[in-house]
Amino acid sequence: MNGKTAKDGNSAGLIRGLSLLAATAIVVGAMIGQAVFLVASDMSREVGSLTKVLVAWAIGGAVVLAGALCYGELGAAMPEAGGDYIYLSRGLSPICGFLYGWTSAMIMRPGAAAIVAAGLLRLVAFLSPSVTTPIVTWELRLPFESQPYEFSFTAAQPLAAAAIAVVTGLNYFGVRTVGRVQVFLTSLKVGTVAALLVLGLAAKSPSAAQQAFIPSPAHGPLVALLTALVPVMAAYNGFQYLGSVGGEILNPGKSIPRAAVLGTSLVIALYMLINWLYFHLLTISQVAQSRHVASDAVALLVGDTGAKWFTTAMIVSAFGSLHAGFLTGPRVPYAMARDGKFFGFAKRIQPKFHTPSGAVVFQGCLAMLLVLTGTHQELYSYTMFATWMFLAMTAVALIRLRAIRPALPRPFRVWGYPWTPMAFGTAACAIAVNLWLVSPVRSTIGLGIILMGIPFFRRWRMTESAIATDQ
């Protein structure tokens with residue numbers, strides 16, 4: 001399964017062109033999107049206090065840092081295109097790896113891209129509210145839903161599709177080029193957050209912030225905290241993406257674990273600081289009621305004009321996250337197709353730029369379809385619980401690989417083994433169960449989408465066996 005990705009300079013395959021800086025930029029770029037600029041409002045309405053909001057971010061940060069350590073070991077030991085598809089196939093079973101890859105290619109990565117693009121346009125709406133005005137609205141009756149689903153088509157949807165098309169085009173061209181673009185975009189987004197922090201820390205906290213309150217949350221403390229963790233984990237999502245481009249990273253044995261740990265640690269620190277800053281500048285009721293909490297905080301510091309410039313920088317941040325998703329996501333269906341377990345077009349390599357052009361275009365088309373239908377948030381929520389179940393399975397795969405393949409070269413070994421992967425796996429499983437309890441119908445439908453991959457696995461497995469017999 002090493003294939004051509006492991007051979008530097010092979011004209012027919014992917015090439016190693018991503019430096020440690022580019023790899024770290026991918027981690028940071030994939031994690032910092034639009035969520036950190038928006039979700040503090042939802043969390044505040046749920047838990048009702050600054051302390052609990054920060055506790056939720058700290059718990060999420062501890063989970064993803066443990067996960068980054070696990071992925072550092074797996075990525076360094078198996079630096080190939082495919083990431084979790086490779087780890088689960090070798091650590092557990094081929095069907096586990098396939099079902100991860102199927103879900104990733106068909107829903108998770110295109111759905112995540114659609115969500116980021118939609119969030120990007122939510123930021124655009126701060127500058128031009130008219131883009132979210134419905135052009136046409138329909139109501140659809142769906143099974144298992146008491147209320148009709150309202151589908152609205154706005155100008156934001158084709159604009160979001162255009163953003164996806166631009167990112168698809170960028171990722172069609174050489175890996176070195178997109179690596180440099182990712183470094184540039186990540187530098188801009190980190191600079192934006194840093195500038196916001198410097199301005200906020202220099203400002204005097206309004207006295208009203210110490211006196212404000214909002215009504216008690218509707219749920220009990222534990223349920224409220226678990227509910228608040230849902231957007232937190234969505235905001236941290238992306239720490240695991242680096243392994244997907246393992247076959248294109250220079251000196252992967254050292255670069256992958258370093259980039260995973262450094263990038264994740266930087267994001268955790270920035271998230272904690274920026275959420276504290278919101279409450280330093282705004283009352284908790286203002287945070288809870290805001291639709292653009294970061295922009296409102298900046299407006300308080302530098303006025304509406306300054307807020308518009310910062311919002312533009314936040315849009316660039318969301319674009320960088322979208323770009324990172326397209327840099328990593330297509331490598332999964334590419335790796336599967338190369339192994340004969342996905343549609344053949346996904347293994348096409350652009351001969352001049354050495355990019356998985358077929359898989360890139362495939363992800364771009366699916367993401368544009370989702371964002372145009374307006375149902376992307378629902379589709380993505382169908383597989384959120386599965387995302388965390390697969391993460392839990394990856395922790396199990398790491399432990400099992402230690403047992404069944406002790407001689408596998410491991411340039412990096414996870415700190416605190418076996419407690420770190422056990423803690424990460426347990427936390428990931430708990431998050432998945434919580435997501436199921438929060439949204440049982442959508443989670444069940446998501447499970448159905450995942451299981452739809454089994455007939456395809458059997459078909460491709462039979463084709464592979466037939467070819468092997470003929471040879």
# chains A, B, ... in the order shown; residues from 1 in each chain; ligands from 1
call {"tool": "select_by_dssp", "arguments": {"residues": "range 291-440 of chain A", "states": "alpha helix (DSSP H)", "output": "PyMOL selection string"}}
result
chain A and resi 293-328+331-338+357-373+376-404+419-438+440
call {"tool": "residues_around", "arguments": {"residues": "Val438 in chain A", "least_positions_apart": "4", "cutoff": "12 Å", "atoms": "only C-alpha atoms", "output": "NGL selection string"}}
result
:A and (223-224 or 226-230 or 381-382 or 384-385 or 431-434 or 442-444)
call {"tool": "residues_around", "arguments": {"residues": "Gln240 in chain A", "least_positions_apart": "2", "cutoff": "10 Å", "atoms": "only C-alpha atoms", "output": "PyMOL selection string"}}
result
chain A and resi 27+30-31+64+67-72+75+83-84+236-238+242-244+260+264+328+391
call {"tool": "select_by_dssp", "arguments": {"residues": "range 14-243 of chain A", "states": "strand (DSSP E or B)", "output": "PyMOL selection string"}}
result
chain A and resi 18+81+134-140+149-154
call {"tool": "write_last_selection", "arguments": {"atoms": "N, CA, C and O atoms", "output": "PDB file, in the first residue's frame"}}
result
ATOM      1  N   LEU A  18       5.851  19.427   0.774  1.00  0.00           N
ATOM      2  CA  LEU A  18       5.348  20.228   1.890  1.00  0.00           C
ATOM      3  C   LEU A  18       6.372  20.242   3.024  1.00  0.00           C
ATOM      4  O   LEU A  18       6.722  19.194   3.564  1.00  0.00           O
ATOM      5  N   ALA A  81      -0.533   8.979   1.585  1.00  0.00           N
ATOM      6  CA  ALA A  81      -1.822   9.601   1.311  1.00  0.00           C
ATOM      7  C   ALA A  81      -2.930   8.715   1.849  1.00  0.00           C
ATOM      8  O   ALA A  81      -2.901   7.498   1.695  1.00  0.00           O
ATOM      9  N   PRO A 134     -33.668  35.954   1.439  1.00  0.00           N
ATOM     10  CA  PRO A 134     -34.184  34.866   0.599  1.00  0.00           C
ATOM     11  C   PRO A 134     -34.713  35.367  -0.735  1.00  0.00           C
ATOM     12  O   PRO A 134     -35.451  36.350  -0.798  1.00  0.00           O
ATOM     13  N   ILE A 135     -34.311  34.681  -1.802  1.00  0.00           N
ATOM     14  CA  ILE A 135     -34.843  34.968  -3.132  1.00  0.00           C
ATOM     15  C   ILE A 135     -36.121  34.178  -3.349  1.00  0.00           C
ATOM     16  O   ILE A 135     -37.097  34.675  -3.913  1.00  0.00           O
ATOM     17  N   VAL A 136     -36.103  32.931  -2.881  1.00  0.00           N
ATOM     18  CA  VAL A 136     -37.277  32.061  -2.976  1.00  0.00           C
ATOM     19  C   VAL A 136     -37.256  31.101  -1.793  1.00  0.00           C
ATOM     20  O   VAL A 136     -36.183  30.729  -1.306  1.00  0.00           O
ATOM     21  N   THR A 137     -38.422  30.729  -1.306  1.00  0.00           N
ATOM     22  CA  THR A 137     -38.535  29.844  -0.144  1.00  0.00           C
ATOM     23  C   THR A 137     -39.570  28.759  -0.411  1.00  0.00           C
ATOM     24  O   THR A 137     -40.645  29.042  -0.959  1.00  0.00           O
ATOM     25  N   TRP A 138     -39.219  27.506  -0.040  1.00  0.00           N
ATOM     26  CA  TRP A 138     -40.153  26.390  -0.137  1.00  0.00           C
ATOM     27  C   TRP A 138     -40.241  25.694   1.222  1.00  0.00           C
ATOM     28  O   TRP A 138     -39.291  25.743   2.009  1.00  0.00           O
ATOM     29  N   GLU A 139     -41.354  25.044   1.456  1.00  0.00           N
ATOM     30  CA  GLU A 139     -41.510  24.220   2.646  1.00  0.00           C
ATOM     31  C   GLU A 139     -41.685  22.766   2.231  1.00  0.00           C
ATOM     32  O   GLU A 139     -42.514  22.464   1.362  1.00  0.00           O
ATOM     33  N   LEU A 140     -40.883  21.888   2.837  1.00  0.00           N
ATOM     34  CA  LEU A 140     -40.937  20.461   2.517  1.00  0.00           C
ATOM     35  C   LEU A 140     -41.265  19.668   3.776  1.00  0.00           C
ATOM     36  O   LEU A 140     -40.738  19.947   4.851  1.00  0.00           O
ATOM     37  N   TYR A 149     -39.549  21.302   6.751  1.00  0.00           N
ATOM     38  CA  TYR A 149     -38.221  21.859   6.492  1.00  0.00           C
ATOM     39  C   TYR A 149     -38.367  23.028   5.530  1.00  0.00           C
ATOM     40  O   TYR A 149     -38.977  22.906   4.464  1.00  0.00           O
ATOM     41  N   GLU A 150     -37.835  24.169   5.928  1.00  0.00           N
ATOM     42  CA  GLU A 150     -37.939  25.373   5.102  1.00  0.00           C
ATOM     43  C   GLU A 150     -36.660  25.550   4.301  1.00  0.00           C
ATOM     44  O   GLU A 150     -35.577  25.711   4.870  1.00  0.00           O
ATOM     45  N   PHE A 151     -36.779  25.481   2.992  1.00  0.00           N
ATOM     46  CA  PHE A 151     -35.624  25.644   2.118  1.00  0.00           C
ATOM     47  C   PHE A 151     -35.658  27.047   1.516  1.00  0.00           C
ATOM     48  O   PHE A 151     -36.639  27.433   0.882  1.00  0.00           O
ATOM     49  N   SER A 152     -34.616  27.818   1.761  1.00  0.00           N
ATOM     50  CA  SER A 152     -34.511  29.176   1.228  1.00  0.00           C
ATOM     51  C   SER A 152     -33.297  29.268   0.314  1.00  0.00           C
ATOM     52  O   SER A 152     -32.210  28.799   0.662  1.00  0.00           O
ATOM     53  N   PHE A 153     -33.487  29.882  -0.830  1.00  0.00           N
ATOM     54  CA  PHE A 153     -32.369  30.106  -1.761  1.00  0.00           C
ATOM     55  C   PHE A 153     -32.028  31.582  -1.723  1.00  0.00           C
ATOM     56  O   PHE A 153     -32.879  32.444  -1.948  1.00  0.00           O
ATOM     57  N   THR A 154     -30.765  31.873  -1.400  1.00  0.00           N
ATOM     58  CA  THR A 154     -30.310  33.255  -1.293  1.00  0.00           C
ATOM     59  C   THR A 154     -29.114  33.479  -2.214  1.00  0.00           C
ATOM     60  O   THR A 154     -28.542  32.533  -2.752  1.00  0.00           O
TER      61      THR A 154
END
call {"tool": "closest_residue", "arguments": {"among": "A:Leu282, A:Ala269, A:Val232, A:Ala77", "to": "Arg413 in chain A", "atoms": "only C-alpha atoms"}}
result
A:Ala77
call {"tool": "atom_distance", "arguments": {"atom1": "CA of Leu54 in chain A", "atom2": "CA of Gln289 in chain A"}}
result
18.0 Å
call {"tool": "residues_around", "arguments": {"residues": "Leu185 in chain A", "least_positions_apart": "3", "cutoff": "8 Å", "atoms": "only C-alpha atoms", "output": "PyMOL selection string"}}
result
chain A and resi 29+181-182+188-189+316-317+319-320
call {"tool": "atom_distance", "arguments": {"atom1": "CA of Asp296 in chain A", "atom2": "CA of Arg45 in chain A"}}
result
16.7 Å
call {"tool": "closest_atom_pairs", "arguments": {"of": "range 340-387 of chain A", "to": "range 157-170 of chain A", "cutoff": "10 Å", "atoms": "only C-alpha atoms", "output": "tab-separated table"}}
result
residue	atom	partner	partner_atom	distance
A:Ser357	CA	A:Thr168	CA	9.3
A:Val360	CA	A:Thr168	CA	6.4
A:Val361	CA	A:Thr168	CA	6.5
A:Phe362	CA	A:Thr168	CA	9.4
A:Gln363	CA	A:Thr168	CA	8.2
A:Gly364	CA	A:Thr168	CA	5.7
A:Cys365	CA	A:Ala165	CA	8.3
A:Ala367	CA	A:Ile164	CA	7.2
A:Met368	CA	A:Ala161	CA	4.9
A:Leu369	CA	A:Ala161	CA	8.0
A:Leu370	CA	A:Ala161	CA	9.0
A:Val371	CA	A:Gln157	CA	6.1
A:Leu372	CA	A:Gln157	CA	5.4
A:Thr373	CA	A:Gln157	CA	8.2
A:Gly374	CA	A:Gln157	CA	7.3
call {"tool": "closest_residue", "arguments": {"among": "A:Ile95, A:Ala112, A:Leu447, A:Ala56", "to": "Ala40 in chain A", "atoms": "only C-alpha atoms"}}
result
A:Ala56
call {"tool": "closest_residue", "arguments": {"among": "A:Ile26, A:Phe239, A:Phe126, A:Gly179", "to": "Thr305 in chain A", "atoms": "only C-alpha atoms"}}
result
A:Phe126
call {"tool": "residues_around", "arguments": {"residues": "Ala299 in chain A", "least_positions_apart": "3", "cutoff": "12 Å", "atoms": "only C-alpha atoms", "output": "list of chain:residue names"}}
result
A:Phe126, A:Leu196, A:Leu199, A:Gly200, A:Tyr278, A:Leu281, A:Leu282, A:His292, A:Val293, A:Ala294, A:Ser295, A:Asp296, A:Val302, A:Gly303, A:Asp304, A:Thr305, A:Gly306, A:Ala307, A:Lys308, A:Trp309, A:Phe310, A:Thr311
call {"tool": "atom_distance", "arguments": {"atom1": "CA of Val193 in chain A", "atom2": "CA of Ser128 in chain A"}}
result
22.3 Å
call {"tool": "closest_residue", "arguments": {"among": "A:Gly263, A:Lys52, A:Leu38, A:Val178", "to": "Leu20 in chain A", "atoms": "only C-alpha atoms"}}
result
A:Gly263
call {"tool": "closest_residue", "arguments": {"among": "A:Asn171, A:Ser265, A:Gln34, A:Thr133", "to": "Ala313 in chain A", "atoms": "only C-alpha atoms"}}
result
A:Gln34
